Structure formats: C-alpha cells, structure tokens
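input-v3.txt, holding compact mmCIF, C-alpha atoms (C1' of nucleotides):
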```txt
# COMPACT_ATOMS: atom_id res chain seq x y z
CA MET A 1 -22.99 1.34 -18.28
CA ASN A 2 -24.74 4.68 -18.42
CA LEU A 3 -26.27 6.08 -15.25
CA SER A 4 -28.02 9.39 -15.03
CA LEU A 5 -27.54 11.62 -12.04
CA ASP A 6 -31.00 10.62 -10.89
CA ASP A 7 -30.12 6.96 -11.10
CA ILE A 8 -27.07 7.59 -8.99
CA GLN A 9 -29.01 9.60 -6.45
CA GLN A 10 -31.50 6.78 -6.15
CA LYS A 11 -28.72 4.27 -5.72
CA PHE A 12 -27.21 6.30 -2.93
CA ARG A 13 -30.54 6.72 -1.19
CA GLY A 14 -31.17 3.02 -1.49
CA CYS A 15 -27.97 2.40 0.45
CA GLY A 16 -28.68 5.08 3.01
CA LEU A 17 -25.94 7.31 1.69
CA LYS A 18 -26.24 11.05 1.40
CA SER A 19 -25.99 12.33 -2.10
CA THR A 20 -23.39 15.05 -2.48
CA PRO A 21 -21.97 16.56 -5.64
CA GLN A 22 -18.48 15.23 -4.94
CA ARG A 23 -19.69 11.76 -4.15
CA THR A 24 -21.84 11.68 -7.22
CA ALA A 25 -19.04 12.87 -9.45
CA ILE A 26 -16.59 10.32 -8.09
CA TYR A 27 -19.01 7.46 -8.47
CA GLN A 28 -20.01 8.59 -11.93
CA ALA A 29 -16.39 8.78 -13.04
CA LEU A 30 -15.85 5.26 -11.80
CA VAL A 31 -19.00 3.89 -13.42
CA HIS A 32 -18.03 5.37 -16.76
CA SER A 33 -14.52 4.00 -16.65
CA THR A 34 -13.34 0.55 -17.63
CA ALA A 35 -9.76 1.31 -16.67
CA HIS A 36 -9.96 0.30 -13.00
CA PRO A 37 -8.69 3.66 -11.82
CA THR A 38 -6.83 4.38 -8.62
CA ALA A 39 -8.01 6.94 -6.08
CA GLU A 40 -5.53 9.36 -7.57
CA ASP A 41 -6.85 8.71 -11.09
CA LEU A 42 -10.36 9.53 -9.95
CA PHE A 43 -9.12 12.59 -8.12
CA ALA A 44 -7.45 13.83 -11.31
CA GLN A 45 -10.57 13.16 -13.31
CA VAL A 46 -13.01 14.86 -10.97
CA SER A 47 -10.77 17.69 -9.77
CA PRO A 48 -11.29 20.03 -12.73
CA ALA A 49 -14.99 20.25 -11.99
CA TYR A 50 -14.44 20.49 -8.22
CA PRO A 51 -11.22 22.41 -7.62
CA MET A 52 -11.63 22.21 -3.86
CA LEU A 53 -11.92 18.42 -3.94
CA SER A 54 -9.57 16.69 -1.58
CA LEU A 55 -7.87 13.41 -2.33
CA ASN A 56 -8.92 12.55 1.17
CA THR A 57 -12.54 12.78 0.13
CA VAL A 58 -11.90 10.41 -2.75
CA TYR A 59 -10.48 7.85 -0.34
CA TYR A 60 -13.32 8.37 2.10
CA THR A 61 -15.91 8.13 -0.63
CA LEU A 62 -14.44 4.98 -2.11
CA GLY A 63 -14.43 3.46 1.34
CA VAL A 64 -18.07 4.32 1.84
CA LEU A 65 -19.07 3.02 -1.57
CA ARG A 66 -17.13 -0.18 -1.00
CA THR A 67 -18.81 -0.73 2.34
CA ALA A 68 -22.16 -0.09 0.71
CA GLY A 69 -21.29 -2.68 -1.91
CA LEU A 70 -21.43 -0.23 -4.81
CA VAL A 71 -17.81 -0.62 -5.82
CA GLN A 72 -15.16 -3.24 -5.38
CA GLU A 73 -11.46 -3.03 -4.94
CA VAL A 74 -9.25 -4.79 -7.45
CA ASN A 75 -5.63 -5.39 -6.68
CA ILE A 76 -2.67 -6.22 -8.78
CA GLY A 77 0.40 -6.25 -6.67
CA HIS A 78 0.31 -4.53 -3.34
CA ASP A 79 1.13 -1.09 -4.68
CA ARG A 80 -2.11 0.79 -4.88
CA ALA A 81 -5.75 0.02 -4.75
CA ARG A 82 -7.76 0.15 -7.94
CA PHE A 83 -11.51 0.31 -8.10
CA ASP A 84 -14.27 -1.11 -10.20
CA ALA A 85 -17.97 -0.26 -10.28
CA ASN A 86 -18.74 -3.27 -12.42
CA LEU A 87 -20.62 -5.45 -9.98
CA SER A 88 -21.70 -8.22 -12.30
CA PRO A 89 -19.67 -11.36 -11.74
CA HIS A 90 -16.53 -11.05 -13.75
CA HIS A 91 -12.83 -11.71 -13.69
CA HIS A 92 -9.68 -9.90 -14.66
CA VAL A 93 -6.82 -10.09 -17.09
CA ILE A 94 -3.74 -8.19 -16.05
CA CYS A 95 -0.96 -7.16 -18.37
CA LEU A 96 2.31 -7.55 -16.51
CA GLY A 97 3.88 -5.04 -18.85
CA CYS A 98 1.66 -1.98 -18.66
CA GLN A 99 -0.42 -3.01 -15.62
CA THR A 100 -3.63 -2.64 -17.57
CA ILE A 101 -6.59 -4.54 -16.17
CA LEU A 102 -9.26 -5.86 -18.49
CA ASP A 103 -12.61 -7.25 -17.44
CA VAL A 104 -13.42 -10.77 -18.50
CA MET A 105 -17.02 -11.86 -18.39
CA ASP A 106 -16.72 -15.41 -19.68
CA PRO A 107 -19.68 -17.21 -18.11
CA LYS A 108 -17.83 -20.49 -17.87
CA LEU A 109 -15.64 -18.91 -15.20
CA ASN A 110 -18.66 -18.31 -13.02
CA ARG A 111 -19.38 -21.97 -12.55
CA LEU A 112 -16.37 -23.05 -10.55
CA THR A 113 -17.30 -25.21 -7.61
CA SER A 114 -15.86 -24.95 -4.15
CA PRO A 115 -12.34 -26.35 -4.16
CA SER A 116 -11.46 -29.62 -2.53
CA GLY A 117 -9.25 -29.75 0.53
CA LEU A 118 -10.87 -26.88 2.35
CA PRO A 119 -11.62 -26.94 6.08
CA ARG A 120 -15.18 -28.12 6.37
CA ASP A 121 -16.43 -24.98 8.06
CA PHE A 122 -14.92 -22.50 5.64
CA GLU A 123 -17.62 -20.58 3.84
CA ILE A 124 -16.70 -19.25 0.40
CA THR A 125 -18.59 -16.09 -0.45
CA ASN A 126 -17.07 -15.34 -3.83
CA TYR A 127 -14.03 -15.92 -5.97
CA GLN A 128 -12.15 -14.24 -8.74
CA VAL A 129 -9.82 -15.49 -11.39
CA ALA A 130 -6.86 -13.28 -12.26
CA PHE A 131 -5.20 -14.07 -15.56
CA ARG A 132 -1.75 -12.59 -16.03
CA GLY A 133 0.23 -12.17 -19.17
CA TYR A 134 1.25 -9.63 -21.75
CA CYS A 135 -0.87 -7.61 -24.11
CA GLY A 136 0.08 -7.30 -27.76
CA PRO A 137 1.89 -3.98 -27.55
CA CYS A 138 3.84 -5.05 -24.47
CA ARG A 139 4.83 -8.33 -26.09
CA ARG A 140 6.13 -6.56 -29.14
CA SER A 141 8.08 -3.96 -27.18
CA GLN A 142 9.72 -6.55 -24.97
CA SER A 143 13.25 -7.09 -26.21
CA PRO A 144 14.22 -10.77 -26.27
CA MET A 145 16.96 -10.16 -23.71
CA THR A 146 14.87 -8.48 -21.03
CA THR A 147 15.34 -11.40 -18.68
CA SER A 148 18.90 -10.61 -17.60
CA SER A 149 18.87 -8.71 -14.34
CA SER A 150 20.30 -5.26 -14.74
CA GLY A 151 22.06 -5.30 -11.40
CA LYS A 152 19.51 -3.00 -9.84
CA ARG A 153 16.87 -3.98 -7.38
CA PRO A 154 14.48 -6.35 -9.09
CA VAL A 155 11.16 -4.95 -10.19
CA SER A 156 7.84 -6.11 -8.86
CA GLN A 157 6.51 -9.09 -10.87
CA MET B 1 8.40 -29.30 1.99
CA ASN B 2 11.69 -30.01 3.69
CA LEU B 3 14.87 -28.63 2.16
CA SER B 4 18.30 -29.13 3.64
CA LEU B 5 20.82 -26.35 3.63
CA ASP B 6 22.63 -28.15 0.84
CA ASP B 7 19.48 -28.31 -1.26
CA ILE B 8 19.01 -24.60 -0.81
CA GLN B 9 22.60 -23.84 -1.69
CA GLN B 10 22.22 -25.89 -4.87
CA LYS B 11 19.03 -24.08 -5.73
CA PHE B 12 20.72 -20.72 -5.34
CA ARG B 13 23.69 -21.78 -7.43
CA GLY B 14 21.38 -23.07 -10.10
CA CYS B 15 19.86 -19.62 -10.38
CA GLY B 16 23.20 -17.87 -10.33
CA LEU B 17 22.59 -16.48 -6.85
CA LYS B 18 25.22 -16.21 -4.18
CA SER B 19 24.52 -18.24 -1.11
CA THR B 20 24.74 -16.22 2.06
CA PRO B 21 23.65 -17.16 5.56
CA GLN B 22 20.99 -14.46 5.64
CA ARG B 23 19.60 -15.36 2.25
CA THR B 24 19.53 -19.02 3.14
CA ALA B 25 17.81 -18.38 6.44
CA ILE B 26 15.16 -16.17 4.85
CA TYR B 27 14.42 -18.63 2.09
CA GLN B 28 14.36 -21.52 4.50
CA ALA B 29 11.92 -19.73 6.76
CA LEU B 30 9.68 -19.11 3.80
CA VAL B 31 9.88 -22.67 2.51
CA HIS B 32 8.96 -24.04 5.90
CA SER B 33 5.99 -21.76 6.29
CA THR B 34 2.50 -22.23 4.94
CA ALA B 35 1.35 -18.91 6.37
CA HIS B 36 2.29 -16.69 3.44
CA PRO B 37 4.37 -14.40 5.62
CA THR B 38 5.11 -10.76 5.00
CA ALA B 39 8.63 -9.38 4.81
CA GLU B 40 8.25 -8.27 8.40
CA ASP B 41 7.10 -11.73 9.47
CA LEU B 42 10.20 -13.25 7.94
CA PHE B 43 12.37 -10.60 9.51
CA ALA B 44 10.93 -11.40 12.92
CA GLN B 45 11.46 -15.09 12.36
CA VAL B 46 15.04 -14.88 11.18
CA SER B 47 16.21 -11.99 13.35
CA PRO B 48 16.91 -13.97 16.51
CA ALA B 49 19.54 -16.03 14.71
CA TYR B 50 20.95 -13.00 12.89
CA PRO B 51 20.65 -10.00 15.18
CA MET B 52 22.32 -7.72 12.65
CA LEU B 53 19.81 -8.64 9.95
CA SER B 54 18.21 -5.66 8.31
CA LEU B 55 14.63 -5.56 7.17
CA ASN B 56 16.09 -4.02 4.08
CA THR B 57 17.93 -7.23 3.38
CA VAL B 58 14.72 -9.18 3.69
CA TYR B 59 13.09 -6.98 1.07
CA TYR B 60 16.11 -7.17 -1.18
CA THR B 61 16.34 -10.92 -0.80
CA LEU B 62 12.67 -11.47 -1.52
CA GLY B 63 13.05 -9.33 -4.63
CA VAL B 64 15.98 -11.39 -5.81
CA LEU B 65 14.23 -14.66 -5.11
CA ARG B 66 11.12 -13.47 -6.88
CA THR B 67 13.10 -12.43 -9.93
CA ALA B 68 14.83 -15.80 -9.88
CA GLY B 69 11.43 -17.46 -9.79
CA LEU B 70 12.01 -19.12 -6.43
CA VAL B 71 9.20 -17.35 -4.63
CA GLN B 72 6.03 -15.65 -5.63
CA GLU B 73 4.19 -12.72 -4.24
CA VAL B 74 0.62 -13.21 -3.08
CA ASN B 75 -1.58 -10.26 -2.44
CA ILE B 76 -4.77 -9.81 -0.58
CA GLY B 77 -5.70 -6.21 -0.58
CA HIS B 78 -3.09 -3.64 -1.37
CA ASP B 79 -1.71 -3.40 2.13
CA ARG B 80 1.40 -5.49 2.24
CA ALA B 81 3.05 -8.08 0.13
CA ARG B 82 2.99 -11.67 1.25
CA PHE B 83 5.22 -14.38 -0.06
CA ASP B 84 4.98 -18.01 -0.96
CA ALA B 85 7.71 -20.50 -1.80
CA ASN B 86 5.19 -23.05 -2.99
CA LEU B 87 5.78 -23.02 -6.73
CA SER B 88 3.54 -25.88 -7.74
CA PRO B 89 0.42 -24.61 -9.43
CA HIS B 90 -2.05 -23.77 -6.76
CA HIS B 91 -4.65 -21.26 -5.76
CA HIS B 92 -5.65 -19.44 -2.62
CA VAL B 93 -8.47 -19.17 -0.15
CA ILE B 94 -8.54 -15.97 1.84
CA CYS B 95 -10.44 -15.47 5.05
CA LEU B 96 -11.84 -11.96 5.05
CA GLY B 97 -12.01 -12.09 8.82
CA CYS B 98 -8.48 -12.96 9.91
CA GLN B 99 -6.72 -12.46 6.58
CA THR B 100 -5.38 -15.99 6.64
CA ILE B 101 -4.38 -17.38 3.27
CA LEU B 102 -4.67 -21.10 2.61
CA ASP B 103 -3.22 -22.93 -0.34
CA VAL B 104 -5.63 -24.87 -2.52
CA MET B 105 -4.22 -27.49 -4.83
CA ASP B 106 -7.38 -28.79 -6.42
CA PRO B 107 -6.23 -30.07 -9.84
CA LYS B 108 -9.51 -29.18 -11.50
CA LEU B 109 -8.61 -25.52 -11.05
CA ASN B 110 -5.50 -25.98 -13.15
CA ARG B 111 -7.42 -26.82 -16.28
CA LEU B 112 -9.13 -23.51 -16.97
CA THR B 113 -8.86 -22.48 -20.58
CA SER B 114 -8.11 -19.01 -21.83
CA PRO B 115 -11.18 -16.83 -21.34
CA SER B 116 -13.29 -15.65 -24.23
CA GLY B 117 -13.43 -12.01 -25.20
CA LEU B 118 -9.72 -11.35 -24.93
CA PRO B 119 -7.79 -9.28 -27.47
CA ARG B 120 -6.39 -11.76 -29.94
CA ASP B 121 -2.76 -10.90 -29.25
CA PHE B 122 -2.94 -11.09 -25.47
CA GLU B 123 -0.77 -13.90 -24.18
CA ILE B 124 -1.77 -15.42 -20.86
CA THR B 125 1.18 -16.80 -18.94
CA ASN B 126 -0.60 -17.96 -15.82
CA TYR B 127 -3.65 -17.43 -13.70
CA GLN B 128 -4.75 -17.78 -10.14
CA VAL B 129 -8.07 -18.23 -8.50
CA ALA B 130 -8.66 -16.40 -5.23
CA PHE B 131 -11.55 -17.66 -3.16
CA ARG B 132 -12.75 -15.35 -0.43
CA GLY B 133 -14.92 -16.09 2.51
CA TYR B 134 -14.84 -16.74 6.20
CA CYS B 135 -13.15 -19.52 8.12
CA GLY B 136 -14.99 -21.35 10.86
CA PRO B 137 -13.65 -19.37 13.82
CA CYS B 138 -14.30 -16.05 12.07
CA ARG B 139 -17.83 -17.07 11.16
CA ARG B 140 -18.56 -18.01 14.73
CA SER B 141 -17.11 -14.83 16.19
CA GLN B 142 -19.00 -12.59 13.80
CA SER B 143 -21.93 -11.15 15.67
CA PRO B 144 -25.08 -11.06 13.53
CA MET B 145 -25.17 -7.26 13.73
CA THR B 146 -21.69 -6.55 12.47
CA THR B 147 -23.05 -5.12 9.27
CA SER B 148 -24.19 -1.81 10.73
CA SER B 149 -21.59 0.85 10.10
CA SER B 150 -20.19 2.25 13.30
CA GLY B 151 -19.91 5.75 11.95
CA LYS B 152 -16.16 5.52 11.60
CA ARG B 153 -14.22 5.23 8.40
CA PRO B 154 -15.12 1.94 6.75
CA VAL B 155 -12.70 -0.92 7.06
CA SER B 156 -10.95 -2.54 4.12
CA GLN B 157 -13.10 -5.34 2.66
C1' DT C 1 45.38 -15.37 -1.84
C1' DG C 2 43.28 -11.36 -4.22
C1' DC C 3 39.70 -9.26 -6.95
C1' DT C 4 35.29 -7.90 -8.14
C1' DA C 5 30.64 -7.80 -8.32
C1' DA C 6 26.94 -8.83 -5.36
C1' DA C 7 25.05 -8.64 -0.78
C1' DT C 8 24.35 -6.40 3.58
C1' DA C 9 23.03 -2.81 7.01
C1' DG C 10 21.62 1.52 8.23
C1' DG C 11 19.63 5.71 7.59
C1' DA C 12 16.94 8.65 4.84
C1' DA C 13 13.31 9.25 1.37
C1' DT C 14 9.03 8.14 -0.93
C1' DG C 15 4.35 7.61 -1.53
C1' DA C 16 -0.18 5.56 -0.71
C1' DT C 17 -3.32 5.63 2.76
C1' DT C 18 -5.23 6.89 7.20
C1' DC C 19 -6.00 9.91 11.19
C1' DC C 20 -7.58 14.18 13.23
C1' DT C 21 -10.33 18.25 13.29
C1' DA C 22 -13.03 22.19 12.17
C1' DA C 23 -16.22 23.92 8.90
C1' DA C 24 -19.92 22.98 5.46
C1' DC C 25 -23.82 20.55 4.12
C1' DA C 26 -27.82 17.04 3.26
C1' DG C 27 -31.93 15.51 4.71
C1' DG C 28 -35.32 14.74 8.09
C1' DA C 29 -38.20 17.03 11.83
C1' DA C 30 -40.76 20.92 13.46
C1' DT D 1 -39.73 26.90 5.06
C1' DT D 2 -36.37 26.80 8.81
C1' DC D 3 -33.78 24.43 12.15
C1' DC D 4 -30.94 20.50 13.93
C1' DT D 5 -28.04 16.77 13.83
C1' DG D 6 -25.16 13.61 12.06
C1' DT D 7 -22.57 13.03 7.85
C1' DT D 8 -19.40 14.75 4.63
C1' DT D 9 -15.69 17.51 3.24
C1' DA D 10 -10.98 19.63 3.11
C1' DG D 11 -6.62 20.24 4.79
C1' DG D 12 -2.80 19.18 7.28
C1' DA D 13 -0.26 15.94 9.83
C1' DA D 14 0.84 11.13 10.81
C1' DT D 15 1.66 6.32 9.62
C1' DC D 16 3.76 2.62 7.60
C1' DA D 17 5.33 -0.49 3.88
C1' DT D 18 8.61 -0.20 0.66
C1' DT D 19 12.45 1.74 -1.90
C1' DC D 20 16.61 4.55 -2.45
C1' DC D 21 21.35 5.68 -1.35
C1' DT D 22 25.82 4.43 0.23
C1' DA D 23 29.71 2.58 2.63
C1' DT D 24 31.22 -1.75 4.17
C1' DT D 25 31.48 -6.68 3.96
C1' DT D 26 31.53 -11.02 1.70
C1' DA D 27 31.00 -15.05 -1.71
C1' DG D 28 32.92 -17.17 -5.33
C1' DC D 29 35.99 -17.18 -8.99
C1' DA D 30 40.82 -16.55 -11.14
```

Rewritten as structure tokens:
Amino acid sequence: MNLSLDDIQQKFRGCGLKSTPQRTAIYQALVHSTAHPTAEDLFAQVSPAYPMLSLNTVYYTLGVLRTAGLVQEVNIGHDRARFDANLSPHHHVICLGCQTILDVMDPKLNRLTSPSGLPRDFEITNYQVAFRGYCGPCRRSQSPMTTSSSGKRPVSQ
Amino acid sequence: MNLSLDDIQQKFRGCGLKSTPQRTAIYQALVHSTAHPTAEDLFAQVSPAYPMLSLNTVYYTLGVLRTAGLVQEVNIGHDRARFDANLSPHHHVICLGCQTILDVMDPKLNRLTSPSGLPRDFEITNYQVAFRGYCGPCRRSQSPMTTSSSGKRPVSQ
DNA sequence: TGCTAAATAGGAATGATTCCTAAACAGGAA
DNA sequence: TTCCTGTTTAGGAATCATTCCTATTTAGCA
C-alpha cells in the first residue's frame, strides 16, 4: 500500500482525528510495513525524524488509531502487542521460531460460517485464523535434538 | 473432563514429570475449568488448599506443563496469558465485552487446508480460529451510544 | 535409607504498558 | 488573521504480569 501524506491527512480527518506530524509519521511507518511491528519498533523507526518523540506518544497514537478502526492489533503470545494497518480481511501465519508474522489473504478463509455449538445470542463480528509453524530458515536451523528440556525454565510456545 | 488423582499422576509420569501435590492441584484445577483461567486465577483457586503456594510455582508449573504438551496457552490481547487443558483440536470464541473465552469444537473447522501464498518451505504445524464478537448479556448491556470516545485514553479492543 | 536433580517459595528484577501532568499545538470560531 | 479550546505530546512515575535468582525442600530412583 502506498499512501501520500495527503491521503493520510484525509483519512485522519474522516475519522475526526487531528493530523499531527508525529501521528502521520507513525501511521505511515505502519502502513508501509508488512512486519507487524511493535510500538517500540515504530518508535525506533520514526524517532530519527522526530528526536523528541516519546514512546508514550506511539502508544497513545496506536490506541487512537485502533479505536478509529485504522489499525488492528495482532497478538502472538501475550508478550507484546503488534500492529497491522492492513484492514482487508486476512489471516496470519506465525513462525514459532523467529516470531515472524506473515499475512495470508487466501479468500477461501474468508468464507467460514459461524461455528456450531454457540449460545444462540452470541453475535460474531469477525474471526481470524492463526496458522503456526516454522519457516524454512527456522526449520533448517533447528537441531534434531531441540526437544529435550535444558533444565531451565521452559520457553514460551 | 474428569481425571482422578491417579490419572494425573500417570500423565505426569508419562511425560517424565515429577508428581507433586502443588503441581497436581494446579493441573487438576485447570482440567476442571472451562474458563481458560490465568495463572492468577489458578493461584487463587488452589491457594486455599496450599497456603504456602507461590504464584511463582504456578507460573513455573504452567511452563512445565506447556512444554510437556499437557496444556496450551490461549491469548486474547497481549495482556495476560490464559491456559487451557483441553487438548482436543478446538477453536475459540471471544467476547469482546467480558473477555470470556468459549471453546468451539465444530469439526468443520478442523479441515482447513494450508493457505495459498505461503513460502514453499513454511511448515504449518497447527492452526486456530478465533471468533470475536459479543455474548448475549454484553450485547444487551451495551448502550447504543457507547461508540463515542469519552476523551480518555482508548480502551483495548 | 541416601542421593541428586527437580520443584518450591520468596524476594527482587524486568519490561511492556498505562497513568498523570504541564506545555505545545491543530483546527474551528470570531 | 488571531484567538480559544480541546486534543496531542513528552516526560517521568506507577503498575502489573512475568521472569530471574537462590536457598531450601522434596520426589523418585539406586
């Protein structure tokens, strides 16, 4: 996706959001990324151009954009929130090795029907499929004996 | 599911885990729950019977059980980890109002095929569908004007 | 019964996120 | 254009789930 500054400004106005340089830069960085960055990632990316930028502002901005429906939060594990400006219906593939998240836009995944066995008055608004596995590089670097616990605290998933 | 203490002890042995009263109690509490409790929930539930129990032990135990494949972590949002001892393939419905997680065992959801557009060497090991929406009580208690932002920091999803 | 590695408890540390507040600013009104 | 007001920003402190560290206890085997 390629959005000009004007496009972004219009988007913000359309949602009743003020358009500030920081906000624009943060949103733009997110739109141009496919890496599902964390707040800290975005902070690192935008900081050089705005040395006074506060991580706090990144969190606040992401919260505002999420509320406005311009970005969504993606989570793998409970560790830190990752964000995505891709609003078209899509799903995710997560590498359990390097924690990379890939977008999957297979249309057949968008035709799932409401599951059986739900309370009658439950209203589904959306759903997402999360595929987990290992990417090529992570598969190759995994030694065949990685399964034995090393005696330390077990690692998340 | 109803597991006797003997069943649990056998399960632990089968995974090469020591069987301790605390570990057994924590696992049993999880097996008997359908509420996808957090570590703190389990701590609160088991504490009365084991007043010396440490929350630390609950975390450690859940880590061990997860590594052994006896429990899985379920996440809604990035806030805190929730756990599930239901190992049969199933999916989740999450109420965005009260954060309740329901299990969904609709067999048609277990027949999804690997999505298109994936790098050829990516190996999917499993997947889960997360449906989001609002349960009956939450729908009814939502006033029609809840959408207007109150001027405070926006709330998570 | 003794040994040893694993498990436990407690306290301290970490780190992501949120809270609080004063100053700066965007955007509409005059 | 200038002024006003509510929003946004930055910075520091606070919160809270989770992990780390460590000494003590214990399960399970020899």

| request: Find the residues near D:DC21: any atom within 12 Å, counting only C-alpha atoms (C1' of nucleotides), skip ones fewer than 4 places away on the same chain, and give them as an MDAnalysis selection string. | output: chainID C and resid 10:13

| Using only C-alpha atoms, which chain B residues lie at most 6 Å away from chain A, written as a VMD selection string? | chain B and resid 63 78 to 81 106 115 to 116 121 to 136 154

Same residues, C-alpha atoms, output as a compact mmCIF listing (two decimals), keeping the file's coordinate frame:
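That gives us result-v9.txt:
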```txt
# COMPACT_ATOMS: atom_id res chain seq x y z
CA GLY B 63 13.05 -9.33 -4.63
CA HIS B 78 -3.09 -3.64 -1.37
CA ASP B 79 -1.71 -3.40 2.13
CA ARG B 80 1.40 -5.49 2.24
CA ALA B 81 3.05 -8.08 0.13
CA ASP B 106 -7.38 -28.79 -6.42
CA PRO B 115 -11.18 -16.83 -21.34
CA SER B 116 -13.29 -15.65 -24.23
CA ASP B 121 -2.76 -10.90 -29.25
CA PHE B 122 -2.94 -11.09 -25.47
CA GLU B 123 -0.77 -13.90 -24.18
CA ILE B 124 -1.77 -15.42 -20.86
CA THR B 125 1.18 -16.80 -18.94
CA ASN B 126 -0.60 -17.96 -15.82
CA TYR B 127 -3.65 -17.43 -13.70
CA GLN B 128 -4.75 -17.78 -10.14
CA VAL B 129 -8.07 -18.23 -8.50
CA ALA B 130 -8.66 -16.40 -5.23
CA PHE B 131 -11.55 -17.66 -3.16
CA ARG B 132 -12.75 -15.35 -0.43
CA GLY B 133 -14.92 -16.09 2.51
CA TYR B 134 -14.84 -16.74 6.20
CA CYS B 135 -13.15 -19.52 8.12
CA GLY B 136 -14.99 -21.35 10.86
CA PRO B 154 -15.12 1.94 6.75
```

| message | So, with only C-alpha atoms (C1' of nucleotides) as the atoms that count, which of B:Ala39, B:Met52, B:Leu70, B:Ala29 lies closest to chain C? | response |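 Closest to chain C of all the choices is B:Met52.
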
| task | Could you please tell me, as a ChimeraX atom specification, which residues of chain B have an atom within 8 Å of chain C when using all atoms listed in the file? | result | /B:18,52-54,56-57

Write out the residues from the selection above, keeping C-alpha atoms, as a compact mmCIF listing (two decimals), in the coordinates of the input.
```txt
# COMPACT_ATOMS: atom_id res chain seq x y z
CA LYS B 18 25.22 -16.21 -4.18
CA MET B 52 22.32 -7.72 12.65
CA LEU B 53 19.81 -8.64 9.95
CA SER B 54 18.21 -5.66 8.31
CA ASN B 56 16.09 -4.02 4.08
CA THR B 57 17.93 -7.23 3.38
```

| Interface, chain D side, toward chain A (10 Å; only C-alpha atoms (C1' of nucleotides)) as a list in words | DT7, DT8, DT9, DA10, DG11, DA17, DT18, DT19 and DC20 of chain D

| How many Å lie between atom CA of A:Gly14 and atom CA of A:Asn110, rounded to one decimal? |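 Computing it gives 27.3 Å between the two atoms.
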
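Relative to atom CA of B:Phe83, atom C1' of D:DT24 is found at 29.2 Å.
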
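Atom pair atom CA of B:Pro89 / atom CA of B:Leu42: separated by 22.9 Å.
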
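Counting all atoms listed in the file, the residue from B:Phe43, B:Leu30, B:Thr24, B:His90 that sits nearest to B:Arg111 is B:His90.
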
| query | Which polymer residues have any atom within 8 Å of an atom of A:Ala35, counting all atoms listed in the file, with same-chain residues fewer than 2 positions away left out, as a VMD selection string? | reply | chain A and resid 33 37 100 to 102
